[in-house]
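To keep things clear, I will list the structure first and then write my remarks on it.
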Amino acid sequence: MRVDLFDFELPEGNIALRPTEPRDSARLLVVRPGEGVEDAIVRDLPAFLRPGDALVFNDTRVIPAQLSGTRRRGEAVAHVDATLHMRVGADRWKAFLRPAKRVAAGDRIVFGHDGNACMLGALEATVAEKGEAGEALLVFDLAGPLLDEALHAVGHMPLPPYIASKRAQDARDLVDYQTIYAREEGAVAAPTAGLHFTPDLFAKLDAMGIERHFVTLHVGAGTFLPVKADDTADHRMHAEIGHVNQATADALNAVRARGGRVVAVGTTSLRLLESAAAADGTLTAWSDATSIFITPGYRFRTVDALMTNFHLPRSTLYMLVSAFSGLETMRASYAHAIASGYRFYSYGDASLLLRADD
């Protein structure tokens, strides 16, 4: 499909730079294909669900994956920034480097200090491979838990570029850019639909008999990359590591067997479930990397409804929601959201999308 089919104009004023407080006071646009839209609030979510439905959350935890460092070649020194996006070994990460032209395979980069004198707290890595579009494989001098500790010491929270370009990160982001149920460290971007949930909202859902299940997909920085190709067939997705345990798979199979609905909280949860499912929608334990790219025409196997934020134009996530509820439905829904002042992107408002008939 042509990528320009997924373009739209978004005023700067619709981009959220901070989340609402409390989190569940954000707006919620309910989209029913063929029936129009309904304006609501996130805390109203239980009213749109039924006892026996199941919400599926991504419990990944964002790590301080934004690193600043110095590349040295003899007397030549250059500043380099790195955004980690997928761990591929105890001591190695795939990363996007900026500016990438300053770095070659075999270079050493020292992260965590200004390159002048004191090396305390520095973290060193070798550029093992140099790929396309600024991607590289970094092999660190530390591994496992020691590397994790070092990243927490020298790294920064990787705020999305559309926020980081407008304001500096601060202490609030350390809390705001993390779901309240984040547990498994490894993401470099938050599963942002989950940012809207509070203990009070969880209590209301529990009281209604709405099940709550967790999967893990470590969101990579590739989620922020624009689609530069003219046709979706020419776009390459970056892989992300995901896990579904057997108990969760069994529980979701039981939900579907008794006629309940599976509601993915976030596109990351949906992408993982669709990656793990068999052709008939049955789930089993699954642990692997996924680069699934969902565009209109895709036949969904496991998910009946999707709660998600509002996405960038020409992005793979806008393509996904267009596949889920229909391109014309999403065009009309986004036009309504923009005109009505909904807040977009990571810290913005949410939508609850019902799946279009196949």
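Each chain of the structure tokens is named A, B, ... in the order shown, its residues numbered from 1; ligands are numbered from 1 in display order.
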- Item | Selection: 12 Å around Ala171 in chain A, only C-alpha atoms, excl. self and same-chain fewer than 5 positions, as a ChimeraX atom specification | /A:156-157,176-177
- Find the spatial neighbours of Gly220 in chain A, counting only C-alpha atoms, within a cut-off of 7 Å - ignore same-chain residues fewer than 6 positions away - and output them as a list of chain:residue names.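 In the requested form, the answer reads A:His85, A:Met86, A:Ala187, A:Val188, A:Ala189, A:Glu240.
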May I have the residues from that selection written out with N, CA and C atoms, as a PDB file, in the first residue's frame?
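again_37.pdb was written with the following content:
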```pdb
ATOM      1  N   HIS A  85      18.386  -0.244  21.503  1.00  0.00           N
ATOM      2  CA  HIS A  85      17.024  -0.612  21.110  1.00  0.00           C
ATOM      3  C   HIS A  85      16.730  -2.097  21.201  1.00  0.00           C
ATOM      4  N   MET A  86      17.738  -2.980  21.233  1.00  0.00           N
ATOM      5  CA  MET A  86      17.443  -4.396  21.459  1.00  0.00           C
ATOM      6  C   MET A  86      18.681  -5.093  22.001  1.00  0.00           C
ATOM      7  N   ALA A 187      12.837  -2.409  27.992  1.00  0.00           N
ATOM      8  CA  ALA A 187      12.279  -1.542  26.953  1.00  0.00           C
ATOM      9  C   ALA A 187      13.043  -0.230  26.876  1.00  0.00           C
ATOM     10  N   VAL A 188      13.066   0.359  25.696  1.00  0.00           N
ATOM     11  CA  VAL A 188      13.641   1.692  25.540  1.00  0.00           C
ATOM     12  C   VAL A 188      12.560   2.693  25.137  1.00  0.00           C
ATOM     13  N   ALA A 189      11.312   2.254  25.186  1.00  0.00           N
ATOM     14  CA  ALA A 189      10.156   3.127  25.000  1.00  0.00           C
ATOM     15  C   ALA A 189       9.013   2.527  25.798  1.00  0.00           C
ATOM     16  N   GLU A 240      11.855  -6.928  17.973  1.00  0.00           N
ATOM     17  CA  GLU A 240      11.743  -6.705  19.408  1.00  0.00           C
ATOM     18  C   GLU A 240      11.545  -8.055  20.088  1.00  0.00           C
TER      19      GLU A 240
END
```
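Residue nearest Ala323 in chain A within the list A:Phe6, A:Gly69, A:Thr179, A:Trp286: A:Phe6 [criterion: smallest interatomic distance, only C-alpha atoms].
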- Message: Taking 4 positions as the minimum chain separation for residues in the same chain, which residues sit within 6 Å of range 13-20 of chain A when counting only C-alpha atoms? Answer as a PyMOL selection string.
- Response: chain A and resi 26+163+343-344+347-348
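Minimum atom-to-atom distance to Glu328 in chain A, evaluated using only C-alpha atoms, belongs to A:Gly36 out of A:Gly36, A:Gly259, A:Pro99, A:Pro11.
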